[in-house]
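Here is the structure we will look at, set down as structure tokens.
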Amino acid sequence: MGEYCYNTLSQISLNVKGINNVIKRQKILTFLKKENTKIALLSETHLTDNEHLKLRRNWVGQVHYSSHNSKSRGVAILIHRSLPFTLEKTMSDNDGRYVLISGFLYGEHILIGCIYGPNIYEATFFPKLLSDIASVHTPYIVVGGDFNCIHDPNVDQAPPRSTSTSRKSLRLREFCQDLELYDTWRVTNPRERDYTFFSQPHQTFSRIDFFLSSRMILDRVRNCSISTCTISDHSPVILCISPPYADPASRHWRMNPSLLSYPSFTNYITDQWNFFMDTNKTPDVNPSLLWETAKAFIRGCVISYTTAQKKAAIKDQLHLERIVQETELQFKNTPSRALSKKLEAARSALNQLLTKQAEATIFFAKHRLYQSGNKPGRLLARLTKGRMESPPGLPHSHTRQANKRQTKPNSDKWTLNNTVAAQKTQTRSQNLPNHKWQKTQTVTHANLQSVPHIFIFVLKNC
């Protein structure tokens, strides 16, 4: 897959070919997160305004879009929530062809655009786009997407065209000259040939997805590459730029409660628990000290188990990605029906694996939402913050459940909600049977012998 861009501002341009399906939408977001994406330019989303707002989840902090209908066109810019981008102005057309945003990133005035060019020649497309970009006076410009045209038919298409340059390509060249924009991939890879789209009807490869950058942006480019085509019929284009400074975020470990549903995990924990107790349980050891030590030991075992499982899953995914990449390269060089079938089979296997991961991610997201409920916490604070920062005239949230949870920041309502929550917690603690409290409060040699049941009960409630 694409090269990771650590300590850089990673941008990805991808034609997603419609993301109305929630599973495919999650796969796209998971792929972008895996690639450490800070800014994603998605074209041909096939989403309405309300559906575009649903992309604001997980790592996505801002969503800027231009919609057409649920069956064609549509573009969106996703910005990572850790990126300190302050929006100044949004410009878009009414046909879902492009969206431009200008604002301040790391203290610099920048313009970012996502483009989905027309399939046929339209005389008004590039002039209108040129007018909107020129209205923002900044030396930092980067636009990307699916332009549906190529720069040079001799090197950006295979087999090369024998006819003259098309009108779309001529208008694209004039557009770049007027704004002093450069084809970033071609500048960083001057002698290479690679393509982002394969047309089955015409049996041709073409590079119609690319980034256009101004000179100030081009000076900071560390890498620009074309990744493997897996979850769409277009290959993603990855652009890595050196920012003025890095702002890494920290992560905290959480136990995955779904592990308890796997017999292999419970057997592993049981064996490790028995091993620990046989080794450390002696009459001279204090039960409380033994209990605290056992919890630390089991936690280490859980981390070791999950790390091994994650490495195995990543190994399988990388193996399939490598097969897809090698087969795709062979198919580009020597197209044949056998290679085409082999490539489709490898992509299908990889797609099934990614679908399984996306379904698991959606399940855990629903699980966290169910656990949080109406409790005051990080989820409610994040939704409230999004409500306060939403531009006028736009919905404050992107899901019906979020709308139900969000309320106006009225101090009386907050006080009432906290009081009710405290009363519910006190009532639950009073109604809880005494033997359940004894499981967590009293630790003796007798109840330590019940293997991991006590530990699992406490671990799930920590």
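Letters A, B, ... mark the chains of the structure tokens in the order given; residue numbers begin at 1 per chain; ligand numbers begin at 1, in order shown.
Look at A:Thr355: the protein and nucleic acid residues within 8 Å of it, using only C-alpha atoms and passing over chain neighbours fewer than 6 places away, are Ile23, Lys24 and Lys27 of chain A.
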Could you list, with a cut-off of 7 Å and counting only C-alpha atoms, the residues of stretch 133-235 of chain A near stretch 30-52 of chain A, each shown with its nearest atom pair and the distance in Å rounded to one decimal, rows sorted by chain and ascending number, as a Markdown table?
```
| residue | atom | partner | partner_atom | distance |
| --- | --- | --- | --- | --- |
| A:Gly144 | CA | A:Leu41 | CA | 6.8 |
| A:Gly145 | CA | A:Ser43 | CA | 6.2 |
| A:Asp146 | CA | A:Ser43 | CA | 6.6 |
```
Could you write those residues out with N, CA and C atoms, as a compact mmCIF listing (two decimals), in the first residue's frame?
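Okay, this is what ended up in out.txt:
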```
# COMPACT_ATOMS: atom_id res chain seq x y z
N GLY A 144 -6.60 18.76 -5.49
CA GLY A 144 -6.44 17.40 -5.99
C GLY A 144 -7.79 16.77 -6.27
N GLY A 145 -7.75 15.60 -6.89
CA GLY A 145 -8.99 14.90 -7.18
C GLY A 145 -8.91 14.16 -8.50
N ASP A 146 -10.09 13.82 -9.00
CA ASP A 146 -10.22 13.14 -10.29
C ASP A 146 -10.60 14.17 -11.33
```
(request) Might you pull out every residue within 12 Å of A:Cys229, with only C-alpha atoms counted and same-chain residues fewer than 6 positions away left off, and present them as a ChimeraX atom specification? (result) /A:1-2,14-16,31,194-198,235-237,321-329,343-344,346-348,350-351
(message) Which of stretch 191-331 of chain A end up as strand (DSSP E or B) when DSSP is run on this backbone - answer as a PyMOL selection string?
(response) chain A and resi 197-199+204-206+209-213+221-226+234+237-241
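Among the candidate residues A:Tyr106, A:Phe147, A:Phe125, A:Tyr116, the one lying nearest to A:His68 is A:Tyr116, with distances computed using only C-alpha atoms.
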(request) With a distance cut-off of 10 Å and only C-alpha atoms, select the neighbouring residues of A:Ile362, excluding the residue or stretch itself and same-chain residues fewer than 4 positions from it, and output the selection as a PyMOL selection string. (result) chain A and resi 22-23+26-27+357-358+366-368
